[in-house]
Structures are given as C-alpha cells and as structure tokens.
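Source file: protein-v3.pdb (PDB, C-alpha atoms (C1' of nucleotides))
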```pdb
ATOM      1  CA  MET A  69     175.468 126.685 135.460
ATOM      2  CA  ILE A  70     176.032 124.893 132.197
ATOM      3  CA  LEU A  71     174.981 121.293 132.786
ATOM      4  CA  SER A  72     173.976 120.064 136.239
ATOM      5  CA  ARG A  73     176.413 118.818 138.856
ATOM      6  CA  SER A  74     175.024 115.318 138.310
ATOM      7  CA  SER A  75     175.989 115.524 134.652
ATOM      8  CA  GLU A  76     179.428 116.775 135.535
ATOM      9  CA  TYR A  77     180.001 113.922 137.993
ATOM     10  CA  ALA A  78     178.754 111.345 135.527
ATOM     11  CA  ILE A  79     180.945 112.678 132.736
ATOM     12  CA  ARG A  80     183.973 112.829 135.029
ATOM     13  CA  ALA A  81     183.346 109.238 136.082
ATOM     14  CA  PHE A  82     183.054 108.176 132.456
ATOM     15  CA  LEU A  83     186.268 109.942 131.597
ATOM     16  CA  TYR A  84     187.929 108.077 134.433
ATOM     17  CA  LEU A  85     186.555 104.744 133.280
ATOM     18  CA  ALA A  86     187.611 105.495 129.721
ATOM     19  CA  LYS A  87     191.214 105.681 130.910
ATOM     20  CA  GLN A  88     191.099 102.147 132.315
ATOM     21  CA  GLU A  89     191.879  99.056 130.299
ATOM     22  CA  PRO A  90     188.675  98.002 128.551
ATOM     23  CA  GLY A  91     186.516  95.745 130.698
ATOM     24  CA  ARG A  92     188.419  96.497 133.881
ATOM     25  CA  LEU A  93     185.988  96.769 136.803
ATOM     26  CA  VAL A  94     186.435  99.679 139.185
ATOM     27  CA  MET A  95     184.275 100.124 142.240
ATOM     28  CA  ALA A  96     182.303 103.297 142.818
ATOM     29  CA  ARG A  97     184.252 104.261 145.910
ATOM     30  CA  GLN A  98     187.491 104.044 143.976
ATOM     31  CA  ILE A  99     186.222 106.183 141.133
ATOM     32  CA  ALA A 100     184.875 108.780 143.543
ATOM     33  CA  GLU A 101     188.125 108.949 145.442
ATOM     34  CA  ASP A 102     190.360 109.184 142.400
ATOM     35  CA  ALA A 103     188.173 111.659 140.558
ATOM     36  CA  GLY A 104     187.368 113.718 143.646
ATOM     37  CA  LEU A 105     183.625 113.166 143.562
ATOM     38  CA  PRO A 106     181.092 112.614 146.397
ATOM     39  CA  GLY A 107     181.058 108.851 146.873
ATOM     40  CA  HIS A 108     177.511 107.934 147.785
ATOM     41  CA  PHE A 109     176.072 110.359 145.317
ATOM     42  CA  LEU A 110     178.224 109.063 142.503
ATOM     43  CA  ALA A 111     177.180 105.508 143.379
ATOM     44  CA  LYS A 112     173.559 106.482 142.774
ATOM     45  CA  LEU A 113     174.431 108.035 139.462
ATOM     46  CA  LEU A 114     176.320 104.949 138.382
ATOM     47  CA  GLN A 115     173.370 102.759 139.346
ATOM     48  CA  GLN A 116     171.148 104.897 137.159
ATOM     49  CA  LEU A 117     173.635 104.658 134.324
ATOM     50  CA  ALA A 118     173.803 100.904 134.766
ATOM     51  CA  ARG A 119     170.028 100.623 134.504
ATOM     52  CA  LYS A 120     170.163 102.627 131.287
ATOM     53  CA  GLY A 121     172.829 100.310 129.996
ATOM     54  CA  LEU A 122     175.617 102.850 129.696
ATOM     55  CA  VAL A 123     177.841 101.041 132.164
ATOM     56  CA  ARG A 124     178.017  97.416 133.191
ATOM     57  CA  SER A 125     178.131  96.517 136.863
ATOM     58  CA  ASN A 126     179.091  93.482 138.908
ATOM     59  CA  LYS A 127     178.301  92.885 142.520
ATOM     60  CA  GLY A 128     180.414  91.220 145.122
ATOM     61  CA  PRO A 129     184.150  91.126 145.646
ATOM     62  CA  SER A 130     186.188  92.233 142.640
ATOM     63  CA  GLY A 131     182.987  93.818 141.409
ATOM     64  CA  GLY A 132     182.544  97.382 140.171
ATOM     65  CA  PHE A 133     181.686  99.355 137.081
ATOM     66  CA  THR A 134     182.997  99.438 133.557
ATOM     67  CA  LEU A 135     181.952 101.178 130.370
ATOM     68  CA  ALA A 136     179.427  99.263 128.293
ATOM     69  CA  ASN A 137     180.770 100.636 125.026
ATOM     70  CA  ASP A 138     183.865 102.025 123.388
ATOM     71  CA  PRO A 139     184.479 105.655 124.399
ATOM     72  CA  ARG A 140     184.264 106.605 120.720
ATOM     73  CA  GLN A 141     180.728 105.205 120.616
ATOM     74  CA  ILE A 142     179.504 107.044 123.692
ATOM     75  CA  ASN A 143     178.189 110.514 123.025
ATOM     76  CA  ILE A 144     177.973 113.036 125.829
ATOM     77  CA  LEU A 145     174.271 113.645 125.330
ATOM     78  CA  SER A 146     173.445 110.046 126.168
ATOM     79  CA  ILE A 147     175.182 110.467 129.524
ATOM     80  CA  VAL A 148     173.408 113.722 130.269
ATOM     81  CA  GLU A 149     170.040 112.309 129.286
ATOM     82  CA  ALA A 150     170.536 109.183 131.363
ATOM     83  CA  VAL A 151     171.277 111.292 134.413
ATOM     84  CA  GLU A 152     168.832 114.155 134.004
ATOM     85  CA  GLY A 153     166.054 112.559 132.037
ATOM     86  CA  ILE A 154     165.055 113.438 128.521
ATOM     87  CA  GLU A 155     163.285 116.589 129.689
ATOM     88  CA  GLY A 156     166.681 118.165 129.926
ATOM     89  CA  SER A 157     167.337 117.918 126.231
ATOM     90  CA  THR A 158     163.856 118.230 124.816
ATOM     91  CA  VAL A 159     162.427 121.701 125.015
ATOM     92  CA  GLU A 160     158.790 121.557 125.984
ATOM     93  CA  VAL A 161     156.911 124.353 124.306
ATOM     94  CA  PRO A 162     154.281 125.122 126.966
ATOM     95  CA  SER A 163     151.712 126.876 124.812
ATOM     96  CA  PRO A 164     151.393 126.737 121.053
ATOM     97  CA  ARG A 165     153.413 129.890 120.706
ATOM     98  CA  THR A 166     156.013 130.158 117.970
ATOM     99  CA  ALA A 167     156.895 126.554 117.329
ATOM    100  CA  THR A 168     160.593 127.194 116.850
ATOM    101  CA  ASP A 169     161.728 130.282 118.682
ATOM    102  CA  GLY A 170     165.209 131.556 119.367
ATOM    103  CA  TRP A 171     165.526 129.699 122.611
ATOM    104  CA  THR A 172     164.660 126.407 120.968
ATOM    105  CA  THR A 173     167.223 127.124 118.303
ATOM    106  CA  LEU A 174     169.965 127.782 120.827
ATOM    107  CA  HIS A 175     169.013 124.848 122.974
ATOM    108  CA  SER A 176     168.943 122.357 120.158
ATOM    109  CA  ARG A 177     172.291 123.556 118.876
ATOM    110  CA  ILE A 178     173.872 122.742 122.207
ATOM    111  CA  VAL A 179     172.078 119.420 122.359
ATOM    112  CA  ASP A 180     173.274 118.589 118.859
ATOM    113  CA  TYR A 181     176.806 119.419 119.832
ATOM    114  CA  LEU A 182     176.604 117.157 122.861
ATOM    115  CA  GLU A 183     175.204 114.406 120.705
ATOM    116  CA  GLN A 184     177.958 114.697 118.139
ATOM    117  CA  THR A 185     180.721 114.800 120.705
ATOM    118  CA  SER A 186     181.992 111.479 121.991
ATOM    119  CA  LEU A 187     183.668 110.652 125.238
ATOM    120  CA  ALA A 188     186.829 109.976 123.259
ATOM    121  CA  ASP A 189     186.631 113.438 121.709
ATOM    122  CA  ILE A 190     187.148 115.160 125.018
ATOM    123  CA  SER A 191     189.335 112.620 126.798
ATOM    124  CA  LYS A 192     192.441 112.992 124.670
ATOM    125  CA  THR A 193     193.039 116.403 126.143
ATOM    126  CA  GLY A 194     196.148 117.934 127.647
ATOM    127  CA  ASN A 195     198.109 117.879 124.414
ATOM    128  CA  GLY A 196     196.942 119.600 121.286
ATOM    129  CA  SER A 197     193.339 118.376 121.527
ATOM    130  CA  ALA A 198     191.960 115.581 119.460
ATOM    131  CA  ARG A 199     189.350 116.385 116.867
ATOM    132  CA  LYS A 200     187.855 119.319 115.128
ATOM    133  CA  ARG A 201     184.767 120.128 113.186
ATOM    134  CA  LYS A 202     181.836 118.104 114.518
ATOM    135  CA  ALA A 203     179.526 120.949 115.509
ATOM    136  CA  ALA A 204     178.484 123.724 113.135
ATOM    137  CA  LYS A 205     176.772 121.033 111.134
ATOM    138  CA  ASN A 206     173.201 121.666 112.161
ATOM    139  CA  ASN A 207     171.689 125.068 111.367
TER     140      ASN A 207
ATOM    141  CA  MET B 116     169.186 120.432 132.231
ATOM    142  CA  ILE B 117     171.256 122.450 129.825
ATOM    143  CA  LEU B 118     171.362 125.972 131.232
ATOM    144  CA  SER B 119     169.310 126.951 134.272
ATOM    145  CA  ARG B 120     165.702 128.093 134.149
ATOM    146  CA  SER B 121     166.876 131.573 135.073
ATOM    147  CA  SER B 122     169.101 131.641 132.015
ATOM    148  CA  GLU B 123     166.278 130.426 129.828
ATOM    149  CA  TYR B 124     163.926 133.115 131.097
ATOM    150  CA  ALA B 125     166.531 135.823 130.671
ATOM    151  CA  ILE B 126     167.337 134.729 127.140
ATOM    152  CA  ARG B 127     163.655 134.520 126.236
ATOM    153  CA  ALA B 128     163.119 138.009 127.597
ATOM    154  CA  PHE B 129     166.075 139.285 125.609
ATOM    155  CA  LEU B 130     164.742 137.675 122.467
ATOM    156  CA  TYR B 131     161.436 139.394 123.101
ATOM    157  CA  LEU B 132     163.098 142.760 123.626
ATOM    158  CA  ALA B 133     165.200 142.257 120.525
ATOM    159  CA  LYS B 134     162.014 142.098 118.465
ATOM    160  CA  GLN B 135     160.886 145.535 119.680
ATOM    161  CA  GLU B 136     161.858 148.755 117.977
ATOM    162  CA  PRO B 137     165.203 149.824 119.431
ATOM    163  CA  GLY B 138     164.830 151.886 122.596
ATOM    164  CA  ARG B 139     161.187 150.969 123.092
ATOM    165  CA  LEU B 140     160.474 150.443 126.789
ATOM    166  CA  VAL B 141     158.444 147.400 127.772
ATOM    167  CA  MET B 142     157.463 146.704 131.335
ATOM    168  CA  ALA B 143     158.383 143.448 133.040
ATOM    169  CA  ARG B 144     154.783 142.346 133.433
ATOM    170  CA  GLN B 145     154.205 142.765 129.720
ATOM    171  CA  ILE B 146     157.286 140.779 128.765
ATOM    172  CA  ALA B 147     156.373 138.007 131.170
ATOM    173  CA  GLU B 148     152.840 137.805 129.853
ATOM    174  CA  ASP B 149     153.797 137.824 126.176
ATOM    175  CA  ALA B 150     156.689 135.421 126.562
ATOM    176  CA  GLY B 151     154.873 133.145 128.992
ATOM    177  CA  LEU B 152     157.291 133.611 131.874
ATOM    178  CA  PRO B 153     156.689 133.905 135.659
ATOM    179  CA  GLY B 154     156.203 137.622 136.208
ATOM    180  CA  HIS B 155     157.700 138.382 139.591
ATOM    181  CA  PHE B 156     160.612 136.083 138.992
ATOM    182  CA  LEU B 157     161.392 137.628 135.638
ATOM    183  CA  ALA B 158     161.262 141.073 137.213
ATOM    184  CA  LYS B 159     164.037 140.031 139.559
ATOM    185  CA  LEU B 160     166.123 138.743 136.714
ATOM    186  CA  LEU B 161     165.650 141.953 134.761
ATOM    187  CA  GLN B 162     166.695 143.970 137.777
ATOM    188  CA  GLN B 163     169.877 141.933 137.970
ATOM    189  CA  LEU B 164     170.486 142.424 134.283
ATOM    190  CA  ALA B 165     169.908 146.150 134.655
ATOM    191  CA  ARG B 166     172.502 146.344 137.415
ATOM    192  CA  LYS B 167     174.965 144.551 135.178
ATOM    193  CA  GLY B 168     174.197 147.043 132.427
ATOM    194  CA  LEU B 169     172.746 144.587 129.925
ATOM    195  CA  VAL B 170     169.361 146.285 129.893
ATOM    196  CA  ARG B 171     168.345 149.841 130.635
ATOM    197  CA  SER B 172     165.404 150.493 132.926
ATOM    198  CA  ASN B 173     163.090 153.405 133.662
ATOM    199  CA  LYS B 174     160.764 153.710 136.608
ATOM    200  CA  GLY B 175     157.325 155.218 136.705
ATOM    201  CA  PRO B 176     154.568 155.425 134.108
ATOM    202  CA  SER B 177     155.702 154.603 130.588
ATOM    203  CA  GLY B 178     158.721 153.005 132.207
ATOM    204  CA  GLY B 179     160.073 149.525 131.550
ATOM    205  CA  PHE B 180     163.078 147.732 130.148
ATOM    206  CA  THR B 181     164.966 147.936 126.892
ATOM    207  CA  LEU B 182     168.163 146.379 125.578
ATOM    208  CA  ALA B 183     171.293 148.348 126.335
ATOM    209  CA  ASN B 184     173.010 147.222 123.136
ATOM    210  CA  ASP B 185     172.352 146.024 119.628
ATOM    211  CA  PRO B 186     171.317 142.341 119.567
ATOM    212  CA  ARG B 187     174.314 141.646 117.348
ATOM    213  CA  GLN B 188     176.600 142.954 120.086
ATOM    214  CA  ILE B 189     175.062 140.878 122.862
ATOM    215  CA  ASN B 190     176.518 137.419 123.249
ATOM    216  CA  ILE B 191     174.563 134.719 125.032
ATOM    217  CA  LEU B 192     177.322 134.045 127.531
ATOM    218  CA  SER B 193     177.082 137.562 128.926
ATOM    219  CA  ILE B 194     173.408 136.982 129.689
ATOM    220  CA  VAL B 195     174.062 133.632 131.318
ATOM    221  CA  GLU B 196     176.908 135.014 133.392
ATOM    222  CA  ALA B 197     174.890 138.018 134.497
ATOM    223  CA  VAL B 198     172.133 135.738 135.737
ATOM    224  CA  GLU B 199     174.110 132.837 137.177
ATOM    225  CA  GLY B 200     177.348 134.462 138.186
ATOM    226  CA  ILE B 201     180.729 133.798 136.653
ATOM    227  CA  GLU B 202     181.055 130.549 138.605
ATOM    228  CA  GLY B 203     178.771 129.027 136.030
ATOM    229  CA  SER B 204     181.205 129.526 133.201
ATOM    230  CA  THR B 205     184.509 129.179 134.979
ATOM    231  CA  VAL B 206     185.334 125.669 136.000
ATOM    232  CA  GLU B 207     186.870 125.665 139.441
ATOM    233  CA  VAL B 208     189.460 122.938 139.682
ATOM    234  CA  PRO B 209     189.032 121.916 143.323
ATOM    235  CA  SER B 210     192.359 120.245 143.869
ATOM    236  CA  PRO B 211     195.483 120.644 141.754
ATOM    237  CA  ARG B 212     194.569 117.583 139.790
ATOM    238  CA  THR B 213     195.060 117.557 136.041
ATOM    239  CA  ALA B 214     194.883 121.214 135.118
ATOM    240  CA  THR B 215     192.941 120.640 131.918
ATOM    241  CA  ASP B 216     190.911 117.480 132.013
ATOM    242  CA  GLY B 217     188.225 116.257 129.672
ATOM    243  CA  TRP B 218     185.455 117.919 131.586
ATOM    244  CA  THR B 219     187.168 121.282 131.433
ATOM    245  CA  THR B 220     187.632 120.794 127.717
ATOM    246  CA  LEU B 221     183.958 120.077 127.148
ATOM    247  CA  HIS B 222     182.808 122.846 129.417
ATOM    248  CA  SER B 223     184.970 125.508 127.849
ATOM    249  CA  ARG B 224     183.862 124.483 124.384
ATOM    250  CA  ILE B 225     180.271 125.136 125.309
ATOM    251  CA  VAL B 226     181.186 128.396 127.000
ATOM    252  CA  ASP B 227     183.110 129.478 123.924
ATOM    253  CA  TYR B 228     180.125 128.689 121.753
ATOM    254  CA  LEU B 229     177.855 130.755 123.961
ATOM    255  CA  GLU B 230     180.330 133.597 123.849
ATOM    256  CA  GLN B 231     180.566 133.550 120.084
ATOM    257  CA  THR B 232     176.841 133.360 119.571
ATOM    258  CA  SER B 233     174.942 136.627 119.601
ATOM    259  CA  LEU B 234     171.332 137.309 120.396
ATOM    260  CA  ALA B 235     170.835 138.184 116.762
ATOM    261  CA  ASP B 236     172.255 134.834 115.704
ATOM    262  CA  ILE B 237     169.436 132.915 117.299
ATOM    263  CA  SER B 238     166.586 135.394 116.894
ATOM    264  CA  LYS B 239     166.301 135.241 113.124
ATOM    265  CA  THR B 240     164.843 131.777 113.406
ATOM    266  CA  GLY B 241     161.740 130.254 111.881
ATOM    267  CA  ASN B 242     162.931 130.693 108.312
ATOM    268  CA  GLY B 243     166.148 129.178 107.055
ATOM    269  CA  SER B 244     168.223 130.250 110.066
ATOM    270  CA  ALA B 245     170.649 133.084 109.952
ATOM    271  CA  ARG B 246     174.304 132.320 110.335
ATOM    272  CA  LYS B 247     176.661 129.441 110.240
ATOM    273  CA  ARG B 248     180.136 128.632 111.352
ATOM    274  CA  LYS B 249     180.932 130.499 114.577
ATOM    275  CA  ALA B 250     181.712 127.535 116.783
ATOM    276  CA  ALA B 251     184.334 124.960 115.908
ATOM    277  CA  LYS B 252     186.850 127.754 116.194
ATOM    278  CA  ASN B 253     188.317 126.919 119.555
ATOM    279  CA  ASN B 254     190.139 123.638 119.941
TER     280      ASN B 254
ATOM    281  C1'  DT C1084     151.759 168.840 144.276
ATOM    282  C1'  DG C1085     149.721 164.520 144.548
ATOM    283  C1'  DA C1086     148.000 160.313 142.654
ATOM    284  C1'  DA C1087     149.086 156.592 139.789
ATOM    285  C1'  DT C1088     152.587 153.783 137.838
ATOM    286  C1'  DA C1089     156.583 150.757 137.384
ATOM    287  C1'  DA C1090     161.125 149.342 138.811
ATOM    288  C1'  DG C1091     164.098 148.255 143.172
ATOM    289  C1'  DG C1092     164.844 145.263 146.705
ATOM    290  C1'  DG C1093     164.135 142.549 150.859
ATOM    291  C1'  DA C1094     161.598 138.633 153.078
ATOM    292  C1'  DC C1095     159.619 134.448 152.621
ATOM    293  C1'  DA C1096     157.599 129.889 150.660
ATOM    294  C1'  DT C1097     158.244 126.079 147.745
ATOM    295  C1'  DT C1098     160.408 122.916 145.011
ATOM    296  C1'  DG C1099     164.027 120.175 143.103
ATOM    297  C1'  DA C1100     168.911 119.012 143.037
ATOM    298  C1'  DT C1101     172.391 117.396 145.809
ATOM    299  C1'  DA C1102     174.256 114.509 149.441
ATOM    300  C1'  DT C1103     174.302 110.966 153.087
ATOM    301  C1'  DC C1104     172.863 106.780 155.429
ATOM    302  C1'  DC C1105     171.191 102.168 156.065
ATOM    303  C1'  DC C1106     169.701  97.843 154.875
ATOM    304  C1'  DC C1107     168.996  94.368 151.150
ATOM    305  C1'  DT C1108     170.744  91.391 147.454
ATOM    306  C1'  DA C1109     174.059  89.145 144.710
ATOM    307  C1'  DT C1110     178.638  87.306 144.221
ATOM    308  C1'  DC C1111     183.166  85.712 145.197
ATOM    309  C1'  DG C1112     186.531  83.063 147.638
ATOM    310  C1'  DA C1113     188.039  80.455 151.531
TER     311       DA C1113
ATOM    312  C1'  DT D1043     178.346  76.993 153.127
ATOM    313  C1'  DC D1044     179.738  81.079 155.296
ATOM    314  C1'  DG D1045     181.700  85.530 155.704
ATOM    315  C1'  DA D1046     183.245  89.460 153.410
ATOM    316  C1'  DT D1047     182.534  92.465 149.602
ATOM    317  C1'  DA D1048     180.229  95.603 146.415
ATOM    318  C1'  DG D1049     176.239  97.203 143.922
ATOM    319  C1'  DG D1050     170.801  98.094 144.393
ATOM    320  C1'  DG D1051     167.541 100.904 146.219
ATOM    321  C1'  DG D1052     164.717 103.294 149.589
ATOM    322  C1'  DA D1053     164.478 106.934 153.209
ATOM    323  C1'  DT D1054     165.971 111.093 154.699
ATOM    324  C1'  DA D1055     168.629 115.458 155.306
ATOM    325  C1'  DT D1056     170.507 119.649 153.313
ATOM    326  C1'  DC D1057     170.930 123.319 150.330
ATOM    327  C1'  DA D1058     170.351 126.145 146.319
ATOM    328  C1'  DA D1059     167.175 127.430 142.598
ATOM    329  C1'  DT D1060     162.810 128.920 141.761
ATOM    330  C1'  DG D1061     158.739 131.518 142.624
ATOM    331  C1'  DT D1062     155.679 134.857 145.267
ATOM    332  C1'  DC D1063     154.631 138.838 148.160
ATOM    333  C1'  DC D1064     154.997 143.338 149.934
ATOM    334  C1'  DC D1065     156.835 147.593 150.734
ATOM    335  C1'  DT D1066     159.898 151.438 149.012
ATOM    336  C1'  DT D1067     161.657 154.672 145.571
ATOM    337  C1'  DA D1068     161.599 157.171 141.496
ATOM    338  C1'  DT D1069     158.983 159.134 137.703
ATOM    339  C1'  DT D1070     155.250 160.720 134.984
ATOM    340  C1'  DC D1071     151.257 163.331 134.284
ATOM    341  C1'  DA D1072     147.169 165.646 135.453
TER     342       DA D1072
END
```
Structure rendered as structure tokens:
Amino acid sequence: MILSRSSEYAIRAFLYLAKQEPGRLVMARQIAEDAGLPGHFLAKLLQQLARKGLVRSNKGPSGGFTLANDPRQINILSIVEAVEGIEGSTVEVPSPRTATDGWTTLHSRIVDYLEQTSLADISKTGNGSARKRKAAKNN
Amino acid sequence: MILSRSSEYAIRAFLYLAKQEPGRLVMARQIAEDAGLPGHFLAKLLQQLARKGLVRSNKGPSGGFTLANDPRQINILSIVEAVEGIEGSTVEVPSPRTATDGWTTLHSRIVDYLEQTSLADISKTGNGSARKRKAAKNN
DNA sequence: TGAATAAGGGACATTGATATCCCCTATCGA
DNA sequence: TCGATAGGGGATATCAATGTCCCTTATTCA
C-alpha cells in the first residue's frame, strides 16, 4: 500500500479542513462523519497533529480543530511525517553498504515529491487540476 | 511509511538481480545475504513474483531466480502490485462520495510515477543519476 | 538411480498498525 | 459555579504485515 492508512486519514481530514472557512473550528467527530473516517482513530491522529503544531485545537463547547497554516503552506510530507514519524521518510541504511542505492534513490524521489506538493495542490481537484511541474526537479 | 517493507525487499532484490549478467540464476539465500534482507521472507516474495511472471525460477542445484524481462521494461509499480495486490494502487472509494477527491489525486500521481519509472531508471545511481523528466506528465 | 540441492507452499509466531473505549482535563455558557 | 461539551491521553482489543520453520517437489549430477 502506498502510504499508511493513518496517512490517508490525516490527509483526508486536512483536505476537509482546508475546505472550511479559515479558522473555523470543526470537531473530530464531525470531520470523521463527513469524510467517512473512523472517529476515535481520527481523533488520535488529530491530537498527534495538534502536538506537532499542524492543527490548532480548542477544548470545550464550540471547540474542535482547524488548520494551523494556509493550505498552500502545508506540504504533504509534513503530514505524513507527523503521523508516521520521521523513520517513514528517512531511509536507514542498516549496514555501510552502498551509501546511495537504487532503493534510496526511488524513496527520496517520492519523499521529495511529497515535500514539494502542498495541500492546496491536491485540493483543487475535480476540474482540470490545479498545478503542474513541481516534481522532476530533484535527480 | 512510504511503500511497505515487502515492496522495499522486492525492489531491492530486483535491483540486485538487475546487476547480474542477464539470465544468471541466483538463489534466494544468496540474494538475501548480499542485499541484507530476511532470507525466508524474501523467498516467499520471490515465489509470489515468480507466479506473477516477473521473475523466472529454477529448482534444484544451480537453480535460483532471474529477471523475466529487461530492467528497462520493468516498471516499479508492477513489482509493488505483484507483492501487495492491486488494492494497493487502486483507491477504493467506499461510498459514492466525491468521485475524484484530493486524496485520489495524490494517490494516483504517485502510482503514475511508479508506473513510469523503470528498474533501470533507479539502478544507475551513485554517479550523476540516469534519467530525468518521466513524472509530471499526468495531471 | 539416488543423494544433494533449491524452489514451492503451508503452518505458525511475532510484531506493529489499526481501531475502540474510558476517564481526565479544559472550556464555554447558563 | 455548575453542567455539558470536546479534546487529551492511557489501556486494551483486533487484525494484517512481517518473519520463521518445516516439509514437499522438482532438478541436477555423480
């Protein structure tokens, strides 16, 4: 599977939040329901993302979550890393074999793409797609 | 984690086989040892890949595995799909929500990249890298 | 032909990701 | 100030990915 389920849920939640008016607080249960995601599990993910500073949260009535930054400033990699830990994007070379092998090359290309792609890049979909270029810059 | 461990192992094994003289048979244990991969587990993966026709296998003494095609003809996606099943690359839209949402967009971009990238593309690494362009074609 | 070899394939153990639940804490509004 | 609300966080259950083992089958070679 390309990207873990946790990453998928987090990205879907971010896409949902990106559609709201900026600063509007939406509670986890609402997001889960509207986006079709497992509620309790999503709540945990959002808590993690709040600790990392990617979303802002408020407790109590009329509380909820909202994006901490403009969707154009949020790159997908930061979401994935916040959810899966950095190990997911950094390739650990176990033994001092070839320092940069083919796998590392492939992996870092994908990581670079995720880093250069913003939430806004993929949210304006449905019509003729938003942006081009971006990747194919590294290597 | 970007791509499962199984996919990583399979791709590493393919990269190893791609370095051999074409048609040369290498046994699973040898590949695992040289590439630093878990032996028994890799053997299972290679069996799967043999069934899917991506590698050819021979039993008995002087047996082993070899690539079924030229590394330039093997795209990474085919390896990933053979190991993880097609479910990994096809996004199942659970409910008839928005047919093409942002997640689907992102996911299919990565899948397209994997499909357009060959084994040869990533194996010529270590020097100045081999090819460019490729991605950024879809969307 | 038979002994050694290596893949094929099933059974099982282990680990980590995924998912749910419950109670605590902070906050809002009456 | 009190009750309701919503996130914070720990404990636990479930399930799939990962990893190991063992026996079978096919093949080679002496």
Check what the PyMOL selection byres ((chain B) within 7 of (chain C)) selects in the file above and give those residues as a list in words.
Asn173, Lys174, Gly175, Pro176, Gly178 and Gly179 of chain B
Report as a list of chain:residue names all protein, DNA and RNA residues lying within 10 Å of Leu221 of chain B, evaluated on only C-alpha atoms (C1' of nucleotides), omitting residues in the same chain fewer than 2 positions from it.
A:Ile79, A:Ile144, A:Leu182, A:Thr185, A:Leu187, A:Asp189, A:Ile190, A:Ser191, A:Thr193, B:Asp216, B:Gly217, B:Trp218, B:Thr219, B:Ser223, B:Arg224, B:Ile225, B:Val226, B:Asp227
Distance of atom CA of Ser186 of chain A from atom CA of Arg119 of chain A, expressed in Å to one decimal place:
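So the two atoms, atom CA of Arg119 of chain A and atom CA of Ser186 of chain A, lie 20.4 Å apart.
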Residue hits in chain D, query chain B, radius 12 Å, all atoms listed in the file, as a PDB file with C-alpha atoms (C1' of nucleotides), in the coordinates of the input:
```pdb
ATOM      1  C1'  DA D1058     170.351 126.145 146.319  1.00  0.00           C
ATOM      2  C1'  DA D1059     167.175 127.430 142.598  1.00  0.00           C
ATOM      3  C1'  DT D1060     162.810 128.920 141.761  1.00  0.00           C
ATOM      4  C1'  DG D1061     158.739 131.518 142.624  1.00  0.00           C
ATOM      5  C1'  DT D1062     155.679 134.857 145.267  1.00  0.00           C
ATOM      6  C1'  DC D1063     154.631 138.838 148.160  1.00  0.00           C
ATOM      7  C1'  DC D1064     154.997 143.338 149.934  1.00  0.00           C
ATOM      8  C1'  DT D1067     161.657 154.672 145.571  1.00  0.00           C
ATOM      9  C1'  DA D1068     161.599 157.171 141.496  1.00  0.00           C
ATOM     10  C1'  DT D1069     158.983 159.134 137.703  1.00  0.00           C
ATOM     11  C1'  DT D1070     155.250 160.720 134.984  1.00  0.00           C
ATOM     12  C1'  DC D1071     151.257 163.331 134.284  1.00  0.00           C
TER      13       DC D1071
END
```
Record the distance separating atom CA of Gly121 of chain A and atom CA of Asn137 of chain A, expressed in Å with one decimal.
9.4 Å
What does the distance between atom CA of Phe82 of chain A and atom CA of Glu123 of chain B come to in Å, to one decimal place?
28.0 Å
Counting all atoms listed in the file, which residues sit no farther than 12 Å from the position (191.4, 104.2, 133.1) in the file's frame? I'd like them as a list of chain:residue names.
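Returned residue set, sorted by chain then number, is A:Arg80, A:Ala81, A:Phe82, A:Leu83, A:Tyr84, A:Leu85, A:Ala86, A:Lys87, A:Gln88, A:Glu89, A:Pro90, A:Gly91, A:Arg92, A:Leu93, A:Val94, A:Gln98, A:Ile99, A:Asp102, A:Ala103, A:Phe133, A:Thr134, A:Leu135, A:Pro139, A:Ser191.
Using only C-alpha atoms, the shortest contact distance between chain B and any of A:Ala136, A:Ala118, A:Leu71, A:Leu145 is found at A:Leu71.
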Specify as a VMD selection string each residue included when the PyMOL selection byres ((chain D and resi 1051) around 10) is applied to this file.
(chain A and resid 112 115) or (chain C and resid 1106 to 1107) or (chain D and resid 1049 to 1050 1052 to 1053)
Rank B:Gln231, B:Gln188, B:Ala147, B:Ile201 by their smallest atom-to-atom distance to chain A, using only C-alpha atoms, and report the top residue only.
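For chain A, the nearest of the candidates is B:Ile201.
Counting only C-alpha atoms, the residue from A:Ser125, A:Ser146, A:Thr173, A:Gln116 that sits nearest to chain B is A:Thr173.
Shortest separation to chain B among A:Lys120, A:His175, A:Leu113, A:Glu183 occurs at residue A:His175, atoms counted being all atoms listed in the file.
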Build an axis-aligned box that encloses every atom of segment 146-156 of chain A listed in the file, pad it by 4 Å on each side, and report its centre and edge lengths in Å to one decimal, as JSON.
```
{"center_x": 169.2, "center_y": 113.7, "center_z": 130.3, "size_x": 19.9, "size_y": 17.0, "size_z": 16.2}
```
